[in-house]
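Chemist: My structure is stored as upload29.cif, with mmCIF, C-alpha atoms; chains and numbers go by the auth columns.
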data_input
loop_
_atom_site.group_PDB
_atom_site.id
_atom_site.type_symbol
_atom_site.label_atom_id
_atom_site.label_comp_id
_atom_site.label_asym_id
_atom_site.label_seq_id
_atom_site.Cartn_x
_atom_site.Cartn_y
_atom_site.Cartn_z
_atom_site.B_iso_or_equiv
_atom_site.auth_seq_id
_atom_site.auth_asym_id
ATOM 1 C CA MET A 1 -50.464 132.082 143.325 0.00 1 O
ATOM 2 C CA LEU A 2 -49.702 135.415 141.718 0.00 2 O
ATOM 3 C CA ARG A 3 -51.666 137.232 138.979 0.00 3 O
ATOM 4 C CA ILE A 4 -49.987 139.929 136.894 0.00 4 O
ATOM 5 C CA ILE A 5 -51.426 142.024 134.055 0.00 5 O
ATOM 6 C CA LYS A 6 -48.683 143.629 131.941 0.00 6 O
ATOM 7 C CA GLN A 7 -47.814 144.602 128.406 0.00 7 O
ATOM 8 C CA ILE A 8 -44.986 142.438 127.142 0.00 8 O
ATOM 9 C CA GLU A 9 -42.216 144.629 125.743 0.00 9 O
ATOM 10 C CA ASN A 10 -39.496 141.970 125.389 0.00 10 O
ATOM 11 C CA THR A 11 -38.855 138.456 126.625 0.00 11 O
ATOM 12 C CA ASP A 12 -36.327 135.668 126.833 0.00 12 O
ATOM 13 C CA LEU A 13 -39.118 133.079 126.921 0.00 13 O
ATOM 14 C CA LYS A 14 -39.937 131.722 123.477 0.00 14 O
ATOM 15 C CA GLU A 15 -43.496 130.917 124.635 0.00 15 O
ATOM 16 C CA LEU A 16 -44.166 134.648 125.079 0.00 16 O
ATOM 17 C CA LEU A 17 -42.763 135.799 121.712 0.00 17 O
ATOM 18 C CA PRO A 18 -46.188 135.836 119.969 0.00 18 O
ATOM 19 C CA PHE A 19 -47.473 138.204 122.663 0.00 19 O
ATOM 20 C CA ILE A 20 -44.853 140.963 122.395 0.00 20 O
ATOM 21 C CA GLY A 21 -46.592 144.348 122.310 0.00 21 O
ATOM 22 C CA ARG A 22 -49.834 142.929 123.711 0.00 22 O
ATOM 23 C CA LYS A 23 -51.345 143.313 127.171 0.00 23 O
ATOM 24 C CA VAL A 24 -51.569 139.888 128.849 0.00 24 O
ATOM 25 C CA GLU A 25 -52.494 138.250 132.124 0.00 25 O
ATOM 26 C CA ILE A 26 -49.783 136.062 133.599 0.00 26 O
ATOM 27 C CA ILE A 27 -50.647 133.632 136.397 0.00 27 O
ATOM 28 C CA ILE A 28 -47.761 132.231 138.406 0.00 28 O
ATOM 29 C CA SER A 29 -48.374 129.107 140.435 0.00 29 O
ATOM 30 C CA PRO A 30 -45.247 127.558 141.969 0.00 30 O
ATOM 31 C CA LEU A 31 -44.837 123.828 141.431 0.00 31 O
ATOM 32 C CA THR A 32 -43.792 122.219 144.679 0.00 32 O
ATOM 33 C CA ASP A 33 -44.295 118.910 146.393 0.00 33 O
ATOM 34 C CA ASP A 34 -46.838 120.666 148.625 0.00 34 O
ATOM 35 C CA ASN A 35 -49.034 121.312 145.569 0.00 35 O
ATOM 36 C CA LYS A 36 -49.041 117.584 144.785 0.00 36 O
ATOM 37 C CA ASP A 37 -50.242 116.840 148.309 0.00 37 O
ATOM 38 C CA ASN A 38 -52.927 119.520 148.067 0.00 38 O
ATOM 39 C CA LYS A 39 -54.164 118.185 144.733 0.00 39 O
ATOM 40 C CA THR A 40 -54.293 114.642 146.092 0.00 40 O
ATOM 41 C CA GLU A 41 -56.208 115.896 149.121 0.00 41 O
ATOM 42 C CA MET A 42 -58.671 117.816 146.941 0.00 42 O
ATOM 43 C CA PHE A 43 -59.322 114.813 144.705 0.00 43 O
ATOM 44 C CA GLU A 44 -59.883 112.627 147.779 0.00 44 O
ATOM 45 C CA ILE A 45 -62.472 115.116 149.070 0.00 45 O
ATOM 46 C CA ILE A 46 -64.190 115.230 145.676 0.00 46 O
ATOM 47 C CA GLU A 47 -64.240 111.433 145.511 0.00 47 O
ATOM 48 C CA LYS A 48 -65.645 111.188 149.029 0.00 48 O
ATOM 49 C CA CYS A 49 -68.386 113.787 148.443 0.00 49 O
ATOM 50 C CA SER A 50 -69.400 112.847 144.922 0.00 50 O
ATOM 51 C CA GLY A 51 -72.487 110.809 144.226 0.00 51 O
ATOM 52 C CA THR A 52 -73.944 108.962 141.304 0.00 52 O
ATOM 53 C CA VAL A 53 -76.566 110.298 138.951 0.00 53 O
ATOM 54 C CA THR A 54 -78.974 107.838 137.467 0.00 54 O
ATOM 55 C CA PRO A 55 -79.929 108.619 133.885 0.00 55 O
ATOM 56 C CA TRP A 56 -83.538 109.392 133.057 0.00 56 O
ATOM 57 C CA THR A 57 -85.584 106.633 131.547 0.00 57 O
ATOM 58 C CA ARG A 58 -87.253 107.060 128.199 0.00 58 O
ATOM 59 C CA GLU A 59 -90.644 107.316 129.902 0.00 59 O
ATOM 60 C CA GLU A 60 -89.431 110.115 132.212 0.00 60 O
ATOM 61 C CA LEU A 61 -88.055 112.067 129.259 0.00 61 O
ATOM 62 C CA TYR A 62 -91.284 111.836 127.260 0.00 62 O
ATOM 63 C CA ASP A 63 -93.531 112.634 130.256 0.00 63 O
ATOM 64 C CA ARG A 64 -91.964 116.074 130.596 0.00 64 O
#
Do you think you could lay out the structure here as structure tokens?

Modeler:
Amino acid sequence: MLRIIKQIENTDLKELLPFIGRKVEIIISPLTDDNKDNKTEMFEIIEKCSGTVTPWTREELYDR
């Protein structure tokens, strides 16, 4: 991943046209098949480590 802070002077990208003359932060993250694997891996870890939260009962809420 790459982070760049620049003032946009001109552009060929229509998405950046509203930002001409302004200082912006641009984050570049390449899209590759490796990223898909990493995301899948991260979601598997989150799923494995996540737990359930039981909601408070009415009595618990009013006791506080």

Chemist: At a cut-off of 9 Å around the point (-49.4, 145.7, 131.2) (file coordinates), what residues fall inside when counting only C-alpha atoms? I'd like the answer as a list in words.

Modeler: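 Residues close enough to count: Ile4, Ile5, Lys6, Gln7, Ile8, Arg22, Lys23, Val24 and Glu25 of chain O.
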
Chemist: For a test of reading the model, state the distance in Å between atom CA of O:Thr40 and atom CA of O:Leu2, rounded to one decimal.

Modeler: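 Separation of atom CA of O:Thr40 and atom CA of O:Leu2: 21.7 Å.
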
Chemist: If you count only C-alpha atoms, which residues fall within 12 Å of O:Ile20, apart from same-chain ones fewer than 5 positions away, as a list in words?

Modeler: Lys6, Gln7, Ile8, Glu9, Asn10, Thr11, Asp12, Leu13, Lys14 and Glu15 of chain O

Chemist: To one decimal place in Å, what is the distance between atom CA of O:Glu41 and atom CA of O:Thr54?

Modeler: 26.8 Å

Chemist: For a quick check of understanding, using all atoms listed in the file, which of O:Thr57, O:Thr52, O:Met1, O:Tyr62 has the smallest distance to O:Ser29?

Modeler: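 Closest residue, counting all atoms listed in the file: O:Met1.
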
Chemist: I'd like the interatomic distance between atom CA of O:Leu61 and atom CA of O:Glu47, to a tenth of an Å.

Modeler: 28.8 Å

Chemist: Please define a box with edges along x, y and z of the file around all atoms of stretch 43-60 of chain O given in the file, extend it by 8 Å on each side, and return its centre and edge lengths in Å to one decimal, as JSON.

Modeler:
{"center_x": -75.0, "center_y": 110.9, "center_z": 138.6, "size_x": 47.3, "size_y": 24.6, "size_z": 36.9}

Chemist: Fix up stretch 14-46 of chain O with N, CA and C atoms, then write it as a PDB file, in the frame of the given file.

Modeler:
ATOM      1  N   LYS O  14     -39.415 131.885 124.841  1.00  0.00           N
ATOM      2  CA  LYS O  14     -39.937 131.722 123.477  1.00  0.00           C
ATOM      3  C   LYS O  14     -41.457 131.564 123.463  1.00  0.00           C
ATOM      4  N   GLU O  15     -42.042 131.083 124.574  1.00  0.00           N
ATOM      5  CA  GLU O  15     -43.496 130.917 124.635  1.00  0.00           C
ATOM      6  C   GLU O  15     -44.221 132.258 124.610  1.00  0.00           C
ATOM      7  N   LEU O  16     -43.539 133.327 125.031  1.00  0.00           N
ATOM      8  CA  LEU O  16     -44.166 134.648 125.079  1.00  0.00           C
ATOM      9  C   LEU O  16     -43.920 135.484 123.828  1.00  0.00           C
ATOM     10  N   LEU O  17     -43.082 135.024 122.916  1.00  0.00           N
ATOM     11  CA  LEU O  17     -42.763 135.799 121.712  1.00  0.00           C
ATOM     12  C   LEU O  17     -43.997 136.233 120.917  1.00  0.00           C
ATOM     13  N   PRO O  18     -45.020 135.390 120.744  1.00  0.00           N
ATOM     14  CA  PRO O  18     -46.188 135.836 119.969  1.00  0.00           C
ATOM     15  C   PRO O  18     -46.972 136.966 120.639  1.00  0.00           C
ATOM     16  N   PHE O  19     -46.696 137.217 121.917  1.00  0.00           N
ATOM     17  CA  PHE O  19     -47.473 138.204 122.663  1.00  0.00           C
ATOM     18  C   PHE O  19     -46.744 139.536 122.861  1.00  0.00           C
ATOM     19  N   ILE O  20     -45.587 139.709 122.252  1.00  0.00           N
ATOM     20  CA  ILE O  20     -44.853 140.963 122.395  1.00  0.00           C
ATOM     21  C   ILE O  20     -45.702 142.118 121.860  1.00  0.00           C
ATOM     22  N   GLY O  21     -45.792 143.188 122.673  1.00  0.00           N
ATOM     23  CA  GLY O  21     -46.592 144.348 122.310  1.00  0.00           C
ATOM     24  C   GLY O  21     -48.040 144.255 122.748  1.00  0.00           C
ATOM     25  N   ARG O  22     -48.451 143.116 123.290  1.00  0.00           N
ATOM     26  CA  ARG O  22     -49.834 142.929 123.711  1.00  0.00           C
ATOM     27  C   ARG O  22     -49.936 142.948 125.232  1.00  0.00           C
ATOM     28  N   LYS O  23     -51.070 143.344 125.744  1.00  0.00           N
ATOM     29  CA  LYS O  23     -51.345 143.313 127.171  1.00  0.00           C
ATOM     30  C   LYS O  23     -51.841 141.904 127.506  1.00  0.00           C
ATOM     31  N   VAL O  24     -51.234 141.275 128.513  1.00  0.00           N
ATOM     32  CA  VAL O  24     -51.569 139.888 128.849  1.00  0.00           C
ATOM     33  C   VAL O  24     -51.747 139.730 130.357  1.00  0.00           C
ATOM     34  N   GLU O  25     -52.378 138.654 130.728  1.00  0.00           N
ATOM     35  CA  GLU O  25     -52.494 138.250 132.124  1.00  0.00           C
ATOM     36  C   GLU O  25     -51.577 137.054 132.321  1.00  0.00           C
ATOM     37  N   ILE O  26     -50.710 137.147 133.300  1.00  0.00           N
ATOM     38  CA  ILE O  26     -49.783 136.062 133.599  1.00  0.00           C
ATOM     39  C   ILE O  26     -50.118 135.540 134.993  1.00  0.00           C
ATOM     40  N   ILE O  27     -50.358 134.251 135.106  1.00  0.00           N
ATOM     41  CA  ILE O  27     -50.647 133.632 136.397  1.00  0.00           C
ATOM     42  C   ILE O  27     -49.470 132.753 136.766  1.00  0.00           C
ATOM     43  N   ILE O  28     -48.917 132.995 137.941  1.00  0.00           N
ATOM     44  CA  ILE O  28     -47.761 132.231 138.406  1.00  0.00           C
ATOM     45  C   ILE O  28     -48.206 131.357 139.566  1.00  0.00           C
ATOM     46  N   SER O  29     -48.038 130.069 139.402  1.00  0.00           N
ATOM     47  CA  SER O  29     -48.374 129.107 140.435  1.00  0.00           C
ATOM     48  C   SER O  29     -47.166 128.206 140.636  1.00  0.00           C
ATOM     49  N   PRO O  30     -46.455 128.353 141.755  1.00  0.00           N
ATOM     50  CA  PRO O  30     -45.247 127.558 141.969  1.00  0.00           C
ATOM     51  C   PRO O  30     -45.556 126.060 142.018  1.00  0.00           C
ATOM     52  N   LEU O  31     -44.697 125.281 141.402  1.00  0.00           N
ATOM     53  CA  LEU O  31     -44.837 123.828 141.431  1.00  0.00           C
ATOM     54  C   LEU O  31     -43.928 123.286 142.531  1.00  0.00           C
ATOM     55  N   THR O  32     -44.546 122.783 143.564  1.00  0.00           N
ATOM     56  CA  THR O  32     -43.792 122.219 144.679  1.00  0.00           C
ATOM     57  C   THR O  32     -44.415 120.889 145.056  1.00  0.00           C
ATOM     58  N   ASP O  33     -43.737 120.165 145.903  1.00  0.00           N
ATOM     59  CA  ASP O  33     -44.295 118.910 146.393  1.00  0.00           C
ATOM     60  C   ASP O  33     -45.557 119.160 147.203  1.00  0.00           C
ATOM     61  N   ASP O  34     -45.642 120.331 147.855  1.00  0.00           N
ATOM     62  CA  ASP O  34     -46.838 120.666 148.625  1.00  0.00           C
ATOM     63  C   ASP O  34     -48.061 120.718 147.729  1.00  0.00           C
ATOM     64  N   ASN O  35     -47.909 121.250 146.506  1.00  0.00           N
ATOM     65  CA  ASN O  35     -49.034 121.312 145.569  1.00  0.00           C
ATOM     66  C   ASN O  35     -49.530 119.920 145.226  1.00  0.00           C
ATOM     67  N   LYS O  36     -48.628 118.958 145.068  1.00  0.00           N
ATOM     68  CA  LYS O  36     -49.041 117.584 144.785  1.00  0.00           C
ATOM     69  C   LYS O  36     -49.897 117.051 145.917  1.00  0.00           C
ATOM     70  N   ASP O  37     -49.477 117.305 147.159  1.00  0.00           N
ATOM     71  CA  ASP O  37     -50.242 116.840 148.309  1.00  0.00           C
ATOM     72  C   ASP O  37     -51.608 117.502 148.353  1.00  0.00           C
ATOM     73  N   ASN O  38     -51.653 118.811 148.066  1.00  0.00           N
ATOM     74  CA  ASN O  38     -52.927 119.520 148.067  1.00  0.00           C
ATOM     75  C   ASN O  38     -53.862 118.982 146.995  1.00  0.00           C
ATOM     76  N   LYS O  39     -53.333 118.720 145.806  1.00  0.00           N
ATOM     77  CA  LYS O  39     -54.164 118.185 144.733  1.00  0.00           C
ATOM     78  C   LYS O  39     -54.703 116.818 145.107  1.00  0.00           C
ATOM     79  N   THR O  40     -53.853 115.967 145.679  1.00  0.00           N
ATOM     80  CA  THR O  40     -54.293 114.642 146.092  1.00  0.00           C
ATOM     81  C   THR O  40     -55.395 114.760 147.129  1.00  0.00           C
ATOM     82  N   GLU O  41     -55.208 115.667 148.085  1.00  0.00           N
ATOM     83  CA  GLU O  41     -56.208 115.896 149.121  1.00  0.00           C
ATOM     84  C   GLU O  41     -57.530 116.359 148.517  1.00  0.00           C
ATOM     85  N   MET O  42     -57.454 117.304 147.565  1.00  0.00           N
ATOM     86  CA  MET O  42     -58.671 117.816 146.941  1.00  0.00           C
ATOM     87  C   MET O  42     -59.406 116.715 146.188  1.00  0.00           C
ATOM     88  N   PHE O  43     -58.671 115.887 145.443  1.00  0.00           N
ATOM     89  CA  PHE O  43     -59.322 114.813 144.705  1.00  0.00           C
ATOM     90  C   PHE O  43     -59.936 113.787 145.644  1.00  0.00           C
ATOM     91  N   GLU O  44     -59.312 113.542 146.802  1.00  0.00           N
ATOM     92  CA  GLU O  44     -59.883 112.627 147.779  1.00  0.00           C
ATOM     93  C   GLU O  44     -61.197 113.177 148.327  1.00  0.00           C
ATOM     94  N   ILE O  45     -61.239 114.489 148.582  1.00  0.00           N
ATOM     95  CA  ILE O  45     -62.472 115.116 149.070  1.00  0.00           C
ATOM     96  C   ILE O  45     -63.558 115.026 148.009  1.00  0.00           C
ATOM     97  N   ILE O  46     -63.214 115.313 146.767  1.00  0.00           N
ATOM     98  CA  ILE O  46     -64.190 115.230 145.676  1.00  0.00           C
ATOM     99  C   ILE O  46     -64.721 113.810 145.556  1.00  0.00           C
TER     100      ILE O  46
END
